[in-house]
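Novice: Quick one, input-v7.txt (compact mmCIF, C-alpha atoms):
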```
# COMPACT_ATOMS: atom_id res chain seq x y z
CA MET A 1 47.97 210.44 79.35
CA ASN A 2 48.78 212.03 82.69
CA THR A 3 47.46 215.51 81.97
CA SER A 4 47.91 216.89 85.47
CA SER A 5 50.97 218.80 86.65
CA PRO A 6 51.44 218.10 90.35
CA PRO A 7 54.06 220.02 92.30
CA THR A 8 56.82 217.39 92.06
CA ASP A 9 60.22 217.12 90.40
CA HIS A 10 59.23 214.03 88.42
CA ASP A 11 58.87 214.13 84.65
CA SER A 12 55.75 212.86 82.95
CA PRO A 13 55.74 209.03 82.75
CA THR A 14 56.67 207.18 79.60
CA ALA A 15 56.05 203.59 78.63
CA ASP A 16 59.62 202.69 79.73
CA ALA A 17 59.29 204.49 83.02
CA ALA A 18 55.96 202.81 83.66
CA THR A 19 57.58 199.39 83.60
CA ARG A 20 60.27 200.15 86.18
CA LYS A 21 59.97 198.12 89.35
CA THR A 22 59.18 200.18 92.43
CA PRO A 23 58.93 199.25 96.12
CA THR A 24 55.88 197.07 96.71
CA ARG A 25 53.79 196.38 99.76
CA ARG A 26 55.64 193.05 99.91
CA VAL A 27 59.07 194.74 99.91
CA VAL A 28 58.09 197.18 102.66
CA LEU A 29 56.70 194.36 104.76
CA GLY A 30 59.84 192.35 104.14
CA GLY A 31 62.02 195.12 105.51
CA ALA A 32 59.91 195.50 108.63
CA LEU A 33 59.72 191.78 109.23
CA GLY A 34 63.44 191.40 108.62
CA LEU A 35 64.12 193.84 111.43
CA LEU A 36 61.85 191.86 113.71
CA LEU A 37 63.59 188.63 112.80
CA SER A 38 67.04 190.09 113.39
CA ALA A 39 65.83 191.25 116.78
CA GLY A 40 64.96 187.66 117.65
CA GLY A 41 61.20 187.96 117.27
CA ALA A 42 59.29 184.75 116.48
CA THR A 43 57.92 186.14 113.20
CA ALA A 44 59.20 183.72 110.57
CA TRP A 45 55.58 182.79 109.90
CA ALA A 46 54.77 186.38 108.98
CA LEU A 47 57.70 186.60 106.58
CA ASP A 48 56.47 183.43 104.88
CA ARG A 49 52.84 184.56 104.88
CA PHE A 50 53.22 188.13 103.62
CA VAL A 51 56.54 188.29 101.73
CA VAL A 52 57.66 184.98 100.28
CA GLU A 53 56.08 184.16 96.91
CA HIS A 54 53.82 181.10 96.99
CA VAL A 55 53.12 180.06 93.40
CA GLU A 56 50.17 177.72 93.01
CA ILE A 57 49.86 177.97 89.21
CA SER A 58 52.99 179.02 87.32
CA ASP A 59 51.48 179.40 83.83
CA VAL A 60 48.01 180.91 84.03
CA ASP A 61 47.65 181.24 80.25
CA ALA A 62 48.14 177.49 79.79
CA TYR A 63 45.89 176.74 82.77
CA GLU A 64 43.03 178.84 81.36
CA ALA A 65 43.44 177.32 77.91
CA SER A 66 43.21 173.85 79.41
CA ALA A 67 40.18 174.81 81.49
CA ALA A 68 38.43 176.24 78.44
CA THR A 69 38.81 173.03 76.46
CA SER A 70 37.30 171.04 79.34
CA GLN A 71 34.14 173.17 79.44
CA SER A 72 31.13 172.76 77.20
CA SER A 73 31.66 173.80 73.57
CA SER A 74 29.53 176.93 73.91
CA THR A 75 31.36 178.11 77.02
CA ALA A 76 34.75 177.32 75.51
CA SER A 77 33.86 179.18 72.33
CA ALA A 78 32.97 182.29 74.32
CA ALA A 79 36.23 182.10 76.25
CA GLU A 80 38.33 181.54 73.14
CA THR A 81 36.82 184.32 71.06
CA SER A 82 36.56 186.99 73.75
CA GLY A 83 38.67 190.14 73.40
CA SER A 84 39.28 189.54 69.70
CA ASP A 85 42.24 191.13 67.95
CA ALA A 86 40.12 193.09 65.46
CA SER A 87 41.69 196.50 64.90
CA GLY A 88 40.38 199.44 66.88
CA VAL A 89 40.70 203.21 66.79
CA VAL A 90 42.79 204.91 69.49
CA SER A 91 42.33 208.58 70.39
CA GLU A 92 43.94 210.75 73.04
CA LYS A 93 41.24 209.89 75.56
CA GLY A 94 39.77 206.63 74.43
CA PHE A 95 39.47 203.57 72.26
CA THR A 96 36.82 202.06 70.02
CA SER A 97 36.71 198.53 68.61
CA GLN A 98 34.06 196.02 67.62
CA ASP A 99 33.87 194.86 71.25
CA VAL A 100 34.20 198.03 73.32
CA THR A 101 34.07 201.82 73.52
CA LEU A 102 36.27 203.49 76.13
CA ALA A 103 36.25 207.17 77.16
CA ILE A 104 38.68 208.56 79.78
CA GLU A 105 38.33 211.87 81.60
CA GLN A 106 40.20 213.72 84.35
CA VAL A 107 38.29 215.60 87.05
CA THR A 108 39.92 218.24 89.26
CA THR A 109 38.14 219.86 92.22
CA GLY A 110 39.10 222.02 95.17
CA SER A 111 42.26 224.05 95.67
CA GLY A 112 45.34 224.14 97.86
CA ASP A 113 45.58 221.26 100.31
CA ALA A 114 42.01 220.27 99.38
CA THR A 115 42.79 219.76 95.68
CA LEU A 116 41.50 216.45 94.36
CA ASN A 117 42.28 214.72 91.07
CA TYR A 118 40.55 211.59 89.86
CA PHE A 119 40.14 209.80 86.56
CA THR A 120 37.07 208.14 85.09
CA ALA A 121 36.90 205.49 82.40
CA LYS A 122 33.45 204.85 80.95
CA ILE A 123 33.23 201.53 79.16
CA ASP A 124 30.49 200.33 76.82
CA LEU A 125 30.93 196.63 76.12
CA ARG A 126 29.40 194.83 73.20
CA ASP A 127 31.01 191.63 74.45
CA ALA A 128 31.17 191.45 78.25
CA THR A 129 34.12 189.05 78.11
CA ALA A 130 36.25 191.74 76.45
CA LEU A 131 36.92 193.02 80.00
CA LYS A 132 39.51 190.50 81.11
CA SER A 133 41.77 189.85 84.06
CA ALA A 134 45.47 189.05 84.31
CA PHE A 135 47.79 188.01 87.13
CA ALA A 136 51.25 189.35 87.95
CA GLN A 137 54.02 187.28 86.34
CA ASN A 138 51.35 185.12 84.65
CA SER A 139 51.19 183.18 87.94
CA PHE A 140 48.53 182.57 90.58
CA GLY A 141 49.32 182.44 94.28
CA GLU A 142 50.21 184.67 97.21
CA ASN A 143 52.67 187.59 97.34
CA ILE A 144 53.30 187.55 93.58
CA THR A 145 53.47 191.15 92.37
CA GLU A 146 54.23 193.27 89.32
CA ASN A 147 53.39 196.81 88.27
CA THR A 148 49.99 197.31 86.66
CA SER A 149 51.64 198.71 83.53
CA ALA A 150 53.98 195.71 83.22
CA ILE A 151 51.12 193.21 83.50
CA ALA A 152 49.17 195.26 80.96
CA GLN A 153 52.03 195.34 78.49
CA ASP A 154 52.47 191.58 78.81
CA LYS A 155 48.84 191.25 77.64
CA ASP A 156 49.06 193.93 74.95
CA ALA A 157 46.35 195.83 76.82
CA ILE A 158 45.14 199.18 75.56
CA PHE A 159 43.67 199.96 79.01
CA ALA A 160 43.99 198.59 82.54
CA ILE A 161 43.37 199.30 86.19
CA ASN A 162 44.69 197.55 89.29
CA GLY A 163 42.62 194.65 90.61
CA ASP A 164 41.70 193.57 94.13
CA TYR A 165 45.21 192.47 95.21
CA TYR A 166 43.88 188.94 95.76
CA GLY A 167 47.45 187.74 96.46
CA PHE A 168 47.67 189.61 99.76
CA ARG A 169 45.07 187.29 101.30
CA ASP A 170 44.13 183.63 101.21
CA THR A 171 40.35 184.09 101.37
CA GLY A 172 37.67 185.15 98.92
CA ILE A 173 36.26 183.69 95.73
CA VAL A 174 38.61 184.24 92.80
CA ILE A 175 37.19 183.61 89.30
CA ARG A 176 39.07 185.12 86.39
CA ASN A 177 38.27 184.84 82.69
CA GLY A 178 35.67 182.19 83.47
CA VAL A 179 38.07 179.99 85.48
CA ALA A 180 37.85 179.37 89.25
CA TYR A 181 41.12 179.80 91.15
CA ARG A 182 40.05 180.11 94.80
CA ASP A 183 36.91 179.11 96.66
CA ALA A 184 37.09 180.52 100.17
CA GLY A 185 34.10 182.84 100.51
CA ALA A 186 34.61 185.41 103.24
CA ARG A 187 33.05 188.76 102.36
CA GLU A 188 30.95 190.83 99.98
CA GLY A 189 32.24 190.27 96.44
CA LEU A 190 31.60 191.60 92.95
CA ALA A 191 30.65 189.28 90.08
CA PHE A 192 30.85 190.09 86.35
CA TYR A 193 28.64 187.86 84.19
CA ARG A 194 29.09 186.88 80.55
CA ASP A 195 25.73 188.51 79.72
CA GLY A 196 27.00 191.94 80.80
CA THR A 197 25.35 192.15 84.21
CA VAL A 198 27.43 192.94 87.27
CA GLU A 199 26.28 192.42 90.83
CA VAL A 200 27.44 192.59 94.43
CA TYR A 201 26.98 189.22 96.12
CA ASP A 202 27.60 187.37 99.40
CA GLU A 203 30.58 185.07 98.92
CA THR A 204 29.60 182.99 101.94
CA ALA A 205 26.21 182.09 100.41
CA THR A 206 27.55 180.37 97.29
CA ASP A 207 30.68 178.75 95.83
CA ALA A 208 32.97 179.21 92.85
CA ALA A 209 31.63 176.23 90.86
CA THR A 210 28.05 177.50 91.11
CA LEU A 211 29.08 180.97 90.01
CA VAL A 212 30.99 179.67 86.97
CA ALA A 213 28.04 177.45 86.05
CA ASN A 214 25.77 180.50 86.26
CA GLY A 215 27.91 182.43 83.80
CA VAL A 216 30.28 184.43 86.00
CA TRP A 217 33.30 185.65 84.03
CA ASN A 218 35.25 187.54 86.72
CA THR A 219 34.96 188.17 90.44
CA LEU A 220 36.60 190.68 92.75
CA SER A 221 36.91 190.23 96.51
CA PHE A 222 37.66 193.40 98.47
CA GLY A 223 34.85 195.88 99.14
CA PRO A 224 32.83 197.35 100.54
CA SER A 225 29.99 197.99 98.13
CA LEU A 226 29.34 201.72 98.07
CA ILE A 227 25.74 202.31 96.99
CA GLU A 228 22.46 200.96 98.33
CA ASN A 229 18.95 201.98 97.33
CA GLY A 230 20.23 204.92 95.31
CA ALA A 231 22.26 206.45 98.14
CA VAL A 232 25.62 206.18 99.89
CA LYS A 233 25.52 202.89 101.77
CA ASP A 234 25.25 203.19 105.54
CA GLY A 235 28.16 202.05 107.66
CA ILE A 236 30.88 202.11 105.01
CA ASP A 237 32.79 204.72 107.01
CA SER A 238 33.72 202.07 109.59
CA ILE A 239 34.40 198.95 107.49
CA GLU A 240 37.95 197.60 107.37
CA VAL A 241 39.52 195.06 105.00
CA ASP A 242 42.52 192.87 105.84
CA THR A 243 43.28 194.20 109.31
CA ASN A 244 46.27 191.88 109.57
CA PHE A 245 49.95 192.73 110.06
CA GLY A 246 51.34 195.52 107.91
CA ASN A 247 48.10 196.58 106.24
CA HIS A 248 46.75 200.11 106.18
CA SER A 249 43.23 201.08 107.17
CA ILE A 250 40.96 201.72 104.19
CA GLN A 251 39.38 204.64 106.03
CA GLY A 252 40.41 208.30 105.89
CA LEU A 253 41.61 210.27 102.87
CA GLN A 254 43.17 207.75 100.53
CA PRO A 255 43.90 207.02 96.87
CA ARG A 256 41.05 204.78 95.66
CA THR A 257 39.95 202.51 92.83
CA ALA A 258 36.27 201.68 92.30
CA ILE A 259 33.97 200.08 89.76
CA GLY A 260 30.48 201.38 89.08
CA VAL A 261 27.61 199.87 87.13
CA LEU A 262 25.76 202.22 84.77
CA GLY A 263 23.69 199.49 83.09
CA THR A 264 24.05 196.15 81.34
CA ASN A 265 27.45 196.12 79.63
CA GLN A 266 28.04 199.69 80.84
CA LEU A 267 30.64 200.42 83.51
CA VAL A 268 32.51 203.36 84.96
CA LEU A 269 35.93 202.73 86.50
CA VAL A 270 37.38 205.40 88.78
CA VAL A 271 40.92 205.92 90.06
CA VAL A 272 41.42 208.64 92.67
CA ASP A 273 44.89 209.99 93.37
CA GLY A 274 45.85 210.88 96.93
CA ARG A 275 48.47 211.37 99.64
CA SER A 276 49.99 214.23 97.65
CA THR A 277 49.52 217.67 99.20
CA GLY A 278 48.63 220.33 96.65
CA TYR A 279 47.94 217.81 93.90
CA SER A 280 45.40 215.37 95.30
CA ALA A 281 44.40 214.73 98.89
CA GLY A 282 42.45 211.53 98.28
CA VAL A 283 38.90 210.76 99.39
CA THR A 284 37.08 208.92 102.14
CA ILE A 285 34.99 205.84 101.38
CA PRO A 286 31.70 207.83 101.63
CA ASP A 287 33.19 210.50 99.33
CA LEU A 288 34.06 207.79 96.83
CA ALA A 289 30.50 206.51 96.98
CA GLN A 290 29.22 210.03 96.24
CA ILE A 291 31.54 210.32 93.23
CA MET A 292 30.13 207.07 91.88
CA LEU A 293 26.57 208.27 92.44
CA ASP A 294 27.31 211.55 90.67
CA LEU A 295 28.63 209.56 87.70
CA GLY A 296 25.29 207.78 87.45
CA ALA A 297 26.25 204.43 88.97
CA THR A 298 23.38 202.35 90.33
CA SER A 299 25.81 200.15 92.25
CA ALA A 300 29.53 200.45 92.95
CA TYR A 301 32.32 198.53 94.61
CA ASN A 302 35.60 199.56 96.22
CA ILE A 303 38.75 197.59 95.37
CA ASP A 304 42.39 197.86 96.41
CA GLY A 305 43.65 201.43 96.67
CA GLY A 306 46.56 203.34 98.18
CA GLY A 307 49.75 203.07 96.18
CA SER A 308 48.18 200.34 94.07
CA SER A 309 45.55 202.66 92.55
CA THR A 310 46.60 202.83 88.91
CA MET A 311 45.01 203.57 85.55
CA TYR A 312 46.95 202.72 82.39
CA PHE A 313 46.15 203.62 78.79
CA ASN A 314 47.97 203.14 75.50
CA GLY A 315 51.44 202.55 76.93
CA ALA A 316 51.53 205.04 79.82
CA LEU A 317 50.06 205.88 83.19
CA VAL A 318 46.92 208.00 83.17
CA ASN A 319 46.99 208.93 86.84
CA ASN A 320 49.88 210.01 89.06
CA PRO A 321 50.14 207.45 91.89
CA LEU A 322 50.88 209.17 95.21
CA GLY A 323 51.89 212.28 93.24
CA LYS A 324 55.22 210.59 92.40
CA ASN A 325 54.51 209.01 88.99
CA GLN A 326 55.53 205.71 90.57
CA GLU A 327 53.53 202.51 90.65
CA ARG A 328 53.37 200.01 93.48
CA GLY A 329 53.35 196.35 92.50
CA THR A 330 50.04 194.53 92.68
CA SER A 331 48.87 190.99 92.09
CA ASP A 332 46.30 191.47 89.31
CA ILE A 333 44.61 193.80 86.85
CA LEU A 334 41.44 194.25 84.83
CA TYR A 335 42.15 195.16 81.23
CA LEU A 336 40.94 195.66 77.68
CA ALA A 337 43.03 194.15 74.89
CA ARG A 338 43.81 196.17 71.79
```
Taking this structure as input, can you express it in the form of structure tokens?
Specialist:
Amino acid sequence: MNTSSPPTDHDSPTADAATRKTPTRRVVLGGALGLLLSAGGATAWALDRFVVEHVEISDVDAYEASAATSQSSSTASAAETSGSDASGVVSEKGFTSQDVTLAIEQVTTGSGDATLNYFTAKIDLRDATALKSAFAQNSFGENITENTSAIAQDKDAIFAINGDYYGFRDTGIVIRNGVAYRDAGAREGLAFYRDGTVEVYDETATDAATLVANGVWNTLSFGPSLIENGAVKDGIDSIEVDTNFGNHSIQGLQPRTAIGVLGTNQLVLVVVDGRSTGYSAGVTIPDLAQIMLDLGATSAYNIDGGGSSTMYFNGALVNNPLGKNQERGTSDILYLAR
């Protein structure tokens, strides 16, 4: 559904093209670290930490099914029936089923080097658990990556965006589809509840078991939150995430992905393209917050961006990552099943 025509030599993406593997953050880091190692640097730890796959759970589907059966019957029922396979209606810019209504739009502003393109997906959920999560290669751990479109196709998703790239770090609370995977609170997180509410919370003031018991369905751990008291949140123009080896600053003009709350069971997901002169320059964190405010969000949260920022719909990319129609592998997605 990529309706833009950036000044590149690439053709419009197809479902086959969307599944092609492209260089990931892990591959780039591997090349840099390999050079250091060959030069005799004592950096084997960094290669192991940021490049080598560390699989903790090799079959997430089986793990979640087992976890569901161990929960109370009411909780298990909700997990088992969420995202039902009832037929839906697909249009050029959206999808409607018994669980969800999705509407996608492209917004273009500015001109020349200041041109900006971003994509919005407004979601009305009748069942909050219809918005699900999936991991790259159906595995949980560190440095496990796959393109957003490939993960989505594995789940027969009609729609998906990149997640928080949890696999690039070993901290944060990770709850997905009602199952706790990591309990290492470190920052401001985002929690999606089974009742359709979504809230920013302090990971260090709670734990994964408490959140699951309170009805949390999914969490994201990246940030920062973007809106406070109906305005752009103060100080977000200086916050950094993952300032470790090989990571880019989240400040400056960048491609972005964000989630905004419009109301109970009402969300707006935004993917901003960037780093492509003449097509889309990207936005700063405060600019992203203003976009979310203009869309009517009462709260909003920034997740992984850069080359990972991807929106997928009905078998193809919606956006144009980095103006090259090429995805960068990531560790997780949020998606809607058909």
Novice: If I take CA of Ser299 in chain A and CA of Ala152 in chain A, how far is one from the other in Å, to one decimal?
Specialist: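 CA of Ser299 in chain A sits 26.4 Å away from CA of Ala152 in chain A.
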Novice: Find the spatial neighbours of range 276-280 of chain A, counting all atoms listed in the file, within a cut-off of 9 Å - ignore same-chain residues fewer than 3 positions away - and output them as a short mmCIF file (atom, residue, chain, number, x, y, z; two decimals) with C-alpha atoms, keeping the file's coordinate frame.
Specialist:
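Result went into out-v8.cif, see below:
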```
data_model
loop_
_atom_site.label_atom_id
_atom_site.label_comp_id
_atom_site.auth_asym_id
_atom_site.auth_seq_id
_atom_site.Cartn_x
_atom_site.Cartn_y
_atom_site.Cartn_z
CA SER A 4 47.91 216.89 85.47
CA SER A 5 50.97 218.80 86.65
CA PRO A 6 51.44 218.10 90.35
CA PRO A 7 54.06 220.02 92.30
CA THR A 108 39.92 218.24 89.26
CA SER A 111 42.26 224.05 95.67
CA GLY A 112 45.34 224.14 97.86
CA ASP A 113 45.58 221.26 100.31
CA ALA A 114 42.01 220.27 99.38
CA THR A 115 42.79 219.76 95.68
CA LEU A 116 41.50 216.45 94.36
CA ASN A 117 42.28 214.72 91.07
CA TYR A 118 40.55 211.59 89.86
CA PRO A 255 43.90 207.02 96.87
CA VAL A 272 41.42 208.64 92.67
CA ASP A 273 44.89 209.99 93.37
CA VAL A 283 38.90 210.76 99.39
CA PRO A 321 50.14 207.45 91.89
CA LEU A 322 50.88 209.17 95.21
CA GLY A 323 51.89 212.28 93.24
CA LYS A 324 55.22 210.59 92.40
#
```
Novice: Measure the distance from CA of Arg275 in chain A to CA of Ala297 in chain A in Å and round it to one decimal.
Specialist: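 Taking CA of Arg275 in chain A and CA of Ala297 in chain A, their separation equals 25.6 Å.
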Novice: Rounded to one decimal in Å, what is the spacing between CA of Ala157 in chain A and CA of Leu295 in chain A?
Specialist: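 Between CA of Ala157 in chain A and CA of Leu295 in chain A the gap is 24.9 Å.
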Novice: Select, from A:Asn138, A:Gln153, A:Gln251, A:Gln106, the residue with the minimum atom-to-atom distance to Asp59 in chain A, counting only C-alpha atoms.
Specialist: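 Using only C-alpha atoms, Asp59 in chain A sits closest to A:Asn138.
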Novice: If we count only C-alpha atoms and set the cut-off at 10 Å, which residues sit around Gly296 in chain A, ignoring sequence neighbours fewer than 5 positions away in its own chain? Please answer as a PyMOL selection string.
Specialist: chain A and resi 230+260-263+267-268+290-291
Novice: Here is a test: counting all atoms listed in the file, which residue of A:Thr264, A:Thr219, A:Thr197, A:Thr210 is nearest to Asp332 in chain A?
Specialist: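 So, comparing all the options, the nearest one is A:Thr219.
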Novice: Env of Thr145 in chain A: 8 Å cut, atoms = all atoms listed in the file, seq-sep filter 3 positions within chain, self excluded. Answer as a ChimeraX atom specification.
Specialist: /A:24,136-137,329-332
Novice: Taking only C-alpha atoms into account, which of A:Ile158, A:Ala258, A:Val107, A:Ala289 comes nearest Gly88 in chain A?
Specialist: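 Selected residue with least distance to Gly88 in chain A: A:Ile158.
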Novice: Counting only C-alpha atoms, which residue out of A:Asp170, A:Glu203, A:Asp156, A:Asp304 sits closest to Gly185 in chain A?
Specialist: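 Ranked by minimum distance to Gly185 in chain A, first place goes to A:Glu203.
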Novice: Within 9 Å of Ile239 in chain A, counting all atoms listed in the file, which residues qualify if same-chain residues fewer than 5 places away don't, as a list in words?
Specialist: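 What passes the distance filter is Gly223, Pro224, Ile250 and Gln251 of chain A.
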Novice: Show me, as a list of chain:residue names, the residues that have an atom within 6 Å of Ile333 in chain A when counting only C-alpha atoms, minus same-chain residues fewer than 2 positions from it.
Specialist: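 Contacts, in chain order: A:Ser133, A:Ala134, A:Ile161, A:Asn162, A:Gly163.
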Novice: I need the residue nearest Glu199 in chain A from this list: A:Ile104, A:Ile259, A:Val241, A:Val232. Use only C-alpha atoms for the distance.
Specialist: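 Residue with the minimum atom-to-atom distance to Glu199 in chain A: A:Ile259.
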